[in-house]
Amino acid sequence: MIGAIFSRLLVVFLLFICFGLDAQFKILITGLPYSTPEGDTLFFAGSINGWNPHDPDFMFRKNPLTGLFELNIPQPAASGKFKVTRGSWSSVECRSDGSNIGDRVYMGESRITEINIEAWHDISGLRRRSTAGPGVHIFADSFYMPELSRYRKIRVYIPPDYTRSKKKYPVIYMHDGQNAFDEATSYAGEWRVDESLDSLFSNGDKGCIVVAIDNGGDKRLDEYSPWVHSKYGGGVGTAYASFIVNTLKPFVDKHFRTRRDRKNTAIIGSSMGGLISMYTAMTYPEVFGRVGAFSTSYWFSDQIFLLPFGECHKKQMRYFLIAGGKEGETQTADMDKMCSLLKQTGIGPSHLKCAIFADDGHYEAFWAREFPSAYKWLFEK
């Protein structure tokens, strides 16, 4: 007991020497699971760096004096949220039982925030219980994407009456498919899309097909932006959008009973998924008539504000845009800017829904809660 206390005091003393009296804020990892691969790099992914899971400017470094991993942030916000990854969302930290953890919170005035990592999502060794409903299926475990010369898992949800009816259904295309239906495959919680649509169906809704494309891990940022960011990459979004329109949608329309017209075709995503949803819908307004963009990463490129809004207005595009007040001033200001631009082109309240929820942040539980409202509003007659 005395030895442990002494060791703790020694670490604090060494931190004080290293940390000094400067204005930096430090996040200190005091414990790692034994399963952590030797040589893996640890990253901070949070509200102040766009939740980038492999940001080189937010990489933890091992202090040679203390042996602990630490990260100095020169000018943090008053408070913020974050998680620790090993370079991708598939290798994000989790609880020892394999379940997702909530967002960690830091307070800038605390100077030092200490955290203990229990396990890693990809090597926790525990199989989490699947929450996917009976309507969820793996449409293709390895679907070829010729526009990107790679393969990807595609998940699909079909309505409860699909196999016993002959009717056709509207279709929603979504990104980050790992998070759409199943807690077991999600890295930060699921959207509960299948549970929400099943509930709406039981209350009279006519049903909808959802096609969810898994993200490509470390290729996610590249694929979800058609524009290059000097720090984070991007630039492959043009090909990704083309894949959805020219390869995936024709295949889905051929193999499922779908309503193929634009008024019955939506695209929905969050964060970078919101960015690529806005880009895809406005680049292909003849294909998509509805777009849902949740907590969109408008910060990634100002080019998002130069899209052909007027042409989309002529096509009567319908938009559902939301953000959380706790995501930061930049997030809410950017969404206000986007909504103002859309209104300036003549888009009225019957085709534009913009809302900021003051008490919500950048997380799946928020998006899952608002998904039913988005679905009902986007497809209402």
# chains A, B, ... in the order shown; residues from 1 in each chain; ligands from 1
>>> residues_around(residues="stretch 277-284 of chain A", least_positions_apart="2", cutoff="10 Å", atoms="only C-alpha atoms", output="ChimeraX atom specification")
/A:173-175,224-226,237-238,240-242,244-245,262,265-275,286-294,296,298,303-305,307-313,315,317-319,321
>>> closest_atom_pairs(of="stretch 248-336 of chain A", to="stretch 135-140 of chain A", cutoff="12 Å", atoms="only C-alpha atoms", output="tab-separated table")
residue	atom	partner	partner_atom	distance
A:Leu248	CA	A:Ala140	CA	10.9
A:Phe251	CA	A:Phe139	CA	10.8
A:Val252	CA	A:Phe139	CA	9.4
A:His255	CA	A:Phe139	CA	10.2
A:Phe256	CA	A:Phe139	CA	10.7
>>> closest_residue(among="A:Thr41, A:Asn63, A:Thr30, A:Ser79", to="A:Tyr106", atoms="only C-alpha atoms")
A:Ser79
>>> atom_distance(atom1="atom CA of A:Phe243", atom2="atom CA of A:His121")
28.9 Å
>>> residues_around(residues="stretch 80-86 of chain A", least_positions_apart="6", cutoff="6 Å", atoms="only C-alpha atoms", output="list of chain:residue names")
A:Thr41, A:Leu42, A:Phe43, A:Phe44, A:Ala45, A:Gly46, A:Ser47, A:Val92, A:Glu93, A:Asp103, A:Arg104, A:Val105, A:Tyr106
>>> write_last_selection(atoms="C-alpha atoms", output="PDB file, in the first residue's frame")
ATOM      1  CA  THR A  41       0.173   4.242 -31.725  1.00  0.00           C
ATOM      2  CA  LEU A  42      -2.565   5.749 -29.564  1.00  0.00           C
ATOM      3  CA  PHE A  43      -4.653   8.703 -30.737  1.00  0.00           C
ATOM      4  CA  PHE A  44      -7.055  11.233 -29.230  1.00  0.00           C
ATOM      5  CA  ALA A  45     -10.316  11.523 -31.209  1.00  0.00           C
ATOM      6  CA  GLY A  46     -12.670  14.182 -29.952  1.00  0.00           C
ATOM      7  CA  SER A  47     -14.696  17.311 -30.382  1.00  0.00           C
ATOM      8  CA  VAL A  92     -11.463   2.303 -30.360  1.00  0.00           C
ATOM      9  CA  GLU A  93     -11.353   1.701 -26.609  1.00  0.00           C
ATOM     10  CA  ASP A 103     -17.676   9.737 -24.566  1.00  0.00           C
ATOM     11  CA  ARG A 104     -14.979  10.730 -22.100  1.00  0.00           C
ATOM     12  CA  VAL A 105     -15.122  14.307 -20.820  1.00  0.00           C
ATOM     13  CA  TYR A 106     -12.191  16.601 -20.092  1.00  0.00           C
TER      14      TYR A 106
END
>>> atom_distance(atom1="atom CA of A:Glu327", atom2="atom CA of A:Cys354")
15.5 Å
